[in-house]
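Below: protein.txt (compact mmCIF, C-alpha atoms and all ligand atoms)
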# COMPACT_ATOMS: atom_id res chain seq x y z
CA MET H 1 15.90 -6.80 1.43
CA PRO H 2 18.03 -5.45 4.26
CA GLU H 3 17.98 -7.16 7.60
CA GLU H 4 15.91 -4.40 9.14
CA PHE H 5 12.91 -4.80 6.82
CA ASP H 6 13.25 -8.34 5.51
CA LYS H 7 10.57 -11.05 5.54
CA ALA H 8 11.64 -12.20 9.01
CA TYR H 9 11.18 -8.67 10.33
CA TRP H 10 7.62 -8.47 8.98
CA GLU H 11 6.70 -12.00 10.06
CA GLU H 12 7.75 -11.02 13.59
CA ARG H 13 5.76 -7.79 13.39
CA TYR H 14 2.63 -9.80 12.62
CA SER H 15 3.24 -12.55 15.16
CA GLY H 16 1.57 -12.72 18.55
CA GLY H 17 -0.20 -9.54 19.50
CA HIS H 18 1.96 -7.33 17.31
CA THR H 19 0.64 -5.46 14.32
CA ALA H 20 1.98 -3.24 11.55
CA GLY H 21 -0.81 -1.19 10.13
CA GLY H 22 -3.95 -2.33 11.81
CA ARG H 23 -7.44 -3.24 10.83
CA ARG H 24 -8.70 0.11 9.67
CA PRO H 25 -8.40 1.12 6.03
CA ASN H 26 -5.88 3.86 5.39
CA PRO H 27 -7.34 7.40 5.49
CA GLN H 28 -5.66 8.35 2.22
CA LEU H 29 -7.27 5.35 0.49
CA LEU H 30 -10.67 6.43 1.79
CA ALA H 31 -10.02 9.96 0.55
CA GLU H 32 -8.78 8.97 -2.89
CA ALA H 33 -10.66 5.80 -3.85
CA ALA H 34 -14.17 6.54 -2.60
CA ASP H 35 -15.01 8.31 -5.87
CA LEU H 36 -13.72 5.52 -8.13
CA ALA H 37 -16.01 3.04 -9.85
CA PRO H 38 -15.20 -0.50 -8.66
CA GLY H 39 -13.11 -2.66 -10.94
CA THR H 40 -9.92 -4.63 -10.45
CA ALA H 41 -7.48 -3.51 -7.75
CA LEU H 42 -4.00 -4.44 -6.62
CA ASP H 43 -3.09 -3.76 -2.98
CA ALA H 44 0.71 -4.05 -2.85
CA GLY H 45 1.95 -4.74 0.69
CA CYS H 46 -1.54 -5.36 2.05
CA GLY H 47 -0.56 -6.24 5.62
CA GLU H 48 -3.61 -7.42 7.55
CA GLY H 49 -5.81 -6.57 4.62
CA ALA H 50 -7.86 -3.63 5.87
CA ASP H 51 -7.57 -1.76 2.57
CA ALA H 52 -8.30 -4.86 0.48
CA LEU H 53 -11.35 -5.62 2.60
CA TRP H 54 -12.64 -2.07 2.30
CA LEU H 55 -12.24 -2.19 -1.46
CA ALA H 56 -13.87 -5.63 -1.74
CA ALA H 57 -16.81 -4.46 0.37
CA ARG H 58 -17.29 -1.67 -2.19
CA GLY H 59 -17.37 -4.15 -5.05
CA TRP H 60 -13.74 -4.22 -6.15
CA ARG H 61 -12.10 -7.48 -7.22
CA VAL H 62 -8.80 -7.31 -5.30
CA THR H 63 -5.38 -8.94 -5.56
CA ALA H 64 -3.72 -8.38 -2.19
CA VAL H 65 0.01 -9.10 -1.99
CA ASP H 66 2.29 -9.29 1.01
CA VAL H 67 5.60 -10.95 1.84
CA ALA H 68 4.48 -11.90 5.35
CA ALA H 69 2.50 -15.14 5.70
CA ASN H 70 1.51 -14.06 9.21
CA ALA H 71 -0.08 -10.91 7.83
CA LEU H 72 -2.01 -12.85 5.20
CA ARG H 73 -3.20 -15.38 7.78
CA ARG H 74 -4.65 -12.56 9.84
CA ALA H 75 -6.14 -10.96 6.75
CA ARG H 76 -7.84 -14.21 5.70
CA GLU H 77 -9.20 -14.75 9.21
CA HIS H 78 -10.65 -11.25 9.21
CA ALA H 79 -12.06 -11.71 5.70
CA ASP H 80 -13.78 -14.93 6.75
CA THR H 81 -15.75 -13.05 9.39
CA LEU H 82 -17.14 -10.74 6.71
CA GLY H 83 -18.73 -13.41 4.55
CA ALA H 84 -18.13 -14.84 1.11
CA ASP H 85 -19.54 -11.77 -0.60
CA VAL H 86 -16.47 -9.81 0.54
CA SER H 87 -13.82 -12.51 1.06
CA GLY H 88 -14.64 -14.11 -2.29
CA ARG H 89 -13.58 -10.95 -4.09
CA ILE H 90 -10.00 -11.06 -2.77
CA ASP H 91 -7.05 -13.16 -3.93
CA TRP H 92 -4.39 -13.18 -1.21
CA VAL H 93 -0.89 -13.64 -2.65
CA GLU H 94 2.23 -14.32 -0.60
CA ALA H 95 5.05 -12.80 -2.63
CA ASP H 96 8.06 -10.54 -2.39
CA LEU H 97 7.24 -7.34 -4.26
CA THR H 98 10.91 -6.84 -5.10
CA ASP H 99 10.65 -9.67 -7.62
CA TRP H 100 6.90 -10.28 -8.06
CA VAL H 101 5.80 -8.81 -11.36
CA PRO H 102 2.12 -7.86 -11.65
CA ALA H 103 0.30 -8.21 -14.96
CA GLU H 104 0.93 -5.14 -17.07
CA GLU H 105 -1.89 -2.66 -17.79
CA HIS H 106 -4.32 -4.84 -15.85
CA TYR H 107 -5.64 -3.09 -12.75
CA ASP H 108 -8.10 -0.21 -12.56
CA LEU H 109 -6.52 0.74 -9.25
CA VAL H 110 -3.03 0.00 -7.94
CA SER H 111 -2.64 1.07 -4.34
CA THR H 112 0.35 0.81 -2.04
CA HIS H 113 0.71 2.24 1.45
CA TYR H 114 3.92 2.45 3.49
CA VAL H 115 5.87 -0.17 1.53
CA HIS H 116 9.52 0.71 1.08
CA PRO H 117 11.87 -2.11 0.07
CA ALA H 118 15.51 -1.05 0.32
CA GLY H 119 17.22 -0.39 -2.98
CA ALA H 120 14.11 -1.52 -4.82
CA ARG H 121 11.55 1.18 -4.08
CA ASP H 122 11.78 3.06 -7.36
CA ALA H 123 11.76 -0.16 -9.40
CA LEU H 124 8.73 -1.32 -7.43
CA PHE H 125 6.89 1.93 -8.13
CA ARG H 126 7.69 1.56 -11.83
CA ARG H 127 6.28 -1.99 -11.89
CA LEU H 128 3.18 -0.86 -10.01
CA ALA H 129 2.69 1.99 -12.49
CA ALA H 130 3.05 -0.45 -15.39
CA ALA H 131 0.32 -2.61 -13.83
CA VAL H 132 -2.29 0.17 -14.05
CA ALA H 133 -4.78 -0.28 -16.89
CA PRO H 134 -5.37 2.57 -19.32
CA GLY H 135 -7.71 5.01 -17.58
CA GLY H 136 -6.80 3.50 -14.20
CA THR H 137 -5.45 5.02 -11.01
CA LEU H 138 -2.14 4.70 -9.21
CA LEU H 139 -2.14 5.55 -5.50
CA ILE H 140 1.19 5.61 -3.68
CA VAL H 141 1.24 6.63 -0.03
CA GLY H 142 4.28 6.71 2.20
CA HIS H 143 5.98 8.44 5.07
CA HIS H 144 6.82 12.01 4.14
CA PRO H 145 10.33 13.19 5.18
CA ALA H 146 8.61 15.50 7.71
CA ASP H 147 7.14 12.49 9.52
CA THR H 148 9.01 12.51 12.83
CA HIS H 149 7.14 9.48 14.19
CA SER H 150 8.47 7.06 11.56
CA ALA H 151 11.85 8.84 11.56
CA ALA H 152 12.14 8.06 15.27
CA HIS H 153 11.95 4.34 14.46
CA THR H 154 14.28 4.15 11.48
CA SER H 155 16.78 6.19 9.53
CA ALA H 156 16.64 3.81 6.55
CA PRO H 157 16.66 6.18 3.55
CA GLU H 158 14.07 4.25 1.54
CA VAL H 159 11.36 4.76 4.18
CA HIS H 160 10.77 8.47 3.53
CA PHE H 161 9.91 10.04 0.21
CA THR H 162 7.90 12.87 -1.25
CA ALA H 163 5.02 12.51 -3.68
CA GLU H 164 7.17 14.23 -6.29
CA GLU H 165 9.85 11.58 -5.86
CA ALA H 166 7.23 8.86 -6.24
CA ALA H 167 5.97 10.57 -9.41
CA ALA H 168 9.44 10.92 -10.93
CA GLY H 169 9.18 7.63 -12.82
CA LEU H 170 5.87 8.46 -14.48
CA ASP H 171 5.95 9.34 -18.17
CA PRO H 172 4.18 12.73 -18.44
CA GLU H 173 2.93 11.68 -21.89
CA ARG H 174 0.97 8.85 -20.31
CA TRP H 175 0.01 10.13 -16.86
CA ASP H 176 -2.00 12.95 -15.30
CA VAL H 177 -0.96 13.65 -11.74
CA VAL H 178 -4.20 14.23 -9.83
CA ALA H 179 -2.57 14.84 -6.44
CA ALA H 180 1.05 15.05 -5.30
CA ASP H 181 0.74 16.17 -1.72
CA ALA H 182 2.32 16.31 1.68
CA ARG H 183 -0.59 15.77 4.06
CA SER H 184 -0.68 15.82 7.83
CA ARG H 185 -3.34 14.04 9.85
CA SER H 186 -4.07 13.12 13.43
CA ALA H 187 -3.56 9.53 14.49
CA THR H 188 -3.42 7.44 17.64
CA GLY H 189 -0.09 5.82 18.52
CA HIS H 190 0.32 2.27 19.85
CA GLY H 191 0.29 3.57 23.43
CA GLY H 192 -3.01 5.37 22.79
CA HIS H 193 -1.38 8.79 22.54
CA ALA H 194 -2.40 11.37 19.95
CA MET H 195 0.14 12.22 17.28
CA THR H 196 0.45 13.95 13.93
CA VAL H 197 1.39 11.84 10.94
CA HIS H 198 2.81 13.27 7.72
CA ASP H 199 1.99 11.35 4.54
CA ALA H 200 3.30 11.65 1.02
CA VAL H 201 0.34 11.05 -1.32
CA LEU H 202 0.60 10.50 -5.04
CA ARG H 203 -2.56 9.90 -7.06
CA ALA H 204 -2.12 9.67 -10.80
CA ARG H 205 -4.33 8.59 -13.68
CA LYS H 206 -3.01 6.71 -16.66
CA ARG H 207 -4.43 8.17 -19.84
CA PRO H 208 -6.92 5.90 -21.66
C1 LIG D 301 4.03 -0.69 7.29
S1 LIG D 301 3.24 -2.13 6.71
C2 LIG D 301 1.82 -1.43 5.85
C3 LIG D 301 0.73 -2.43 5.65
C4 LIG D 301 -0.50 -1.87 4.93
N1 LIG D 301 -0.19 -1.44 3.60
C5 LIG D 301 -1.09 -0.73 5.73
O1 LIG D 301 -0.94 0.41 5.30
O2 LIG D 301 -1.69 -0.99 6.78
C6 LIG D 301 4.27 -2.62 5.32
C7 LIG D 301 3.78 -3.90 4.68
O3 LIG D 301 4.55 -4.18 3.53
C8 LIG D 301 4.89 -5.55 3.53
N2 LIG D 301 6.15 -5.67 2.78
C9 LIG D 301 7.34 -5.11 3.09
N3 LIG D 301 8.25 -5.45 2.17
C10 LIG D 301 7.63 -6.24 1.27
C11 LIG D 301 8.04 -6.90 0.10
N4 LIG D 301 9.30 -6.83 -0.33
N5 LIG D 301 7.14 -7.63 -0.59
C12 LIG D 301 5.84 -7.72 -0.16
N6 LIG D 301 5.40 -7.11 0.95
C13 LIG D 301 6.27 -6.38 1.65
C14 LIG D 301 5.03 -5.91 5.00
O4 LIG D 301 4.92 -7.28 5.25
C15 LIG D 301 3.91 -5.11 5.60
O5 LIG D 301 2.72 -5.81 5.63
Please lay out the structure from this file as structure tokens.
Amino acid sequence: MPEEFDKAYWEERYSGGHTAGGRRPNPQLLAEAADLAPGTALDAGCGEGADALWLAARGWRVTAVDVAANALRRAREHADTLGADVSGRIDWVEADLTDWVPAEEHYDLVSTHYVHPAGARDALFRRLAAAVAPGGTLLIVGHHPADTHSAAHTSAPEVHFTAEEAAAGLDPERWDVVAADARSRSATGHGGHAMTVHDAVLRARKRP
């Protein structure tokens, strides 16, 4: 990983009072996963675990992976406050997604939000796609190139991508693209100010 987004960077982001995603589940996950029947899920780059916790509370059995031990510590602490019924459905895994290989064709849902390892993004998306079980769903969400907020913080080329770029590695014989969108939404910045966020959203279903 490059210096800017290596493990040390993320550990620092999750140290002290800092955060890098927050404790609310991602709006695009809520929009895309609410209609799915619970099964097994992989949350790749789970951060503080808000998405994993939301899924577990809806009955999913979740594997939640992140490179940052500080993020996983926070996630576990939060999970513990929600009771064994929810926390017991999540396996927290500290691993680098650039070399961690998920079980192939295993998960009914593979979800990743705002994870963009340098030089390894496309390979990561391919591995995540391979991890989806037949009939399962792949959900990739990232910063769209129109997203000026994230662009103000970094010019690293791997950070911004379109849904079409995320879909490029999917074999059309095996996948149905359900949504490949550029979506804008309102959000609140760290200083409490209102802003517009632009997401790239890819939802695809692997054929049974
Ligand atoms: C912008 S945060 C998003 C967190 C969460 N997905 C969310 O949407 O709130 C990116 C997350 O990806 C994790 N991450 C970045 N590179 C990683 C890698 N190579 N392997 C595993 N996790 C990684 C970071 O530690 C961080 O938690």
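For the atom pair formed by atom CA of Val141 of chain H and atom CA of Gly88 of chain H, the distance is 26.2 Å, given to one decimal.
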From H:His106, H:Arg23, H:His113, H:His78, residue lying nearest ligand LIG 301 (chain D) [only C-alpha atoms and all ligand atoms]:
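Closest to ligand LIG 301 (chain D) of all the choices is H:His113.
Nearest to Glu11 of chain H of all the residues H:Ala194, H:Val67, H:Leu109, H:Ala200 is H:Val67, counting only C-alpha atoms.
With distances restricted to all atoms listed in the file, H:Ser111 is the closest residue to ligand LIG 301 (chain D) from H:Thr162, H:Thr63, H:Ser111, H:Thr196.
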Set the cut-off to 6 Å, count only C-alpha atoms and all ligand atoms, and list whatever residues fall near ligand LIG 301 (chain D) as a PyMOL selection string.
chain H and resi 10+20-22+45-47+66-68+95-98+113-115+117
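In this model, the gap between atom CA of Val86 of chain H and atom CA of Ala41 of chain H comes to 13.8 Å.
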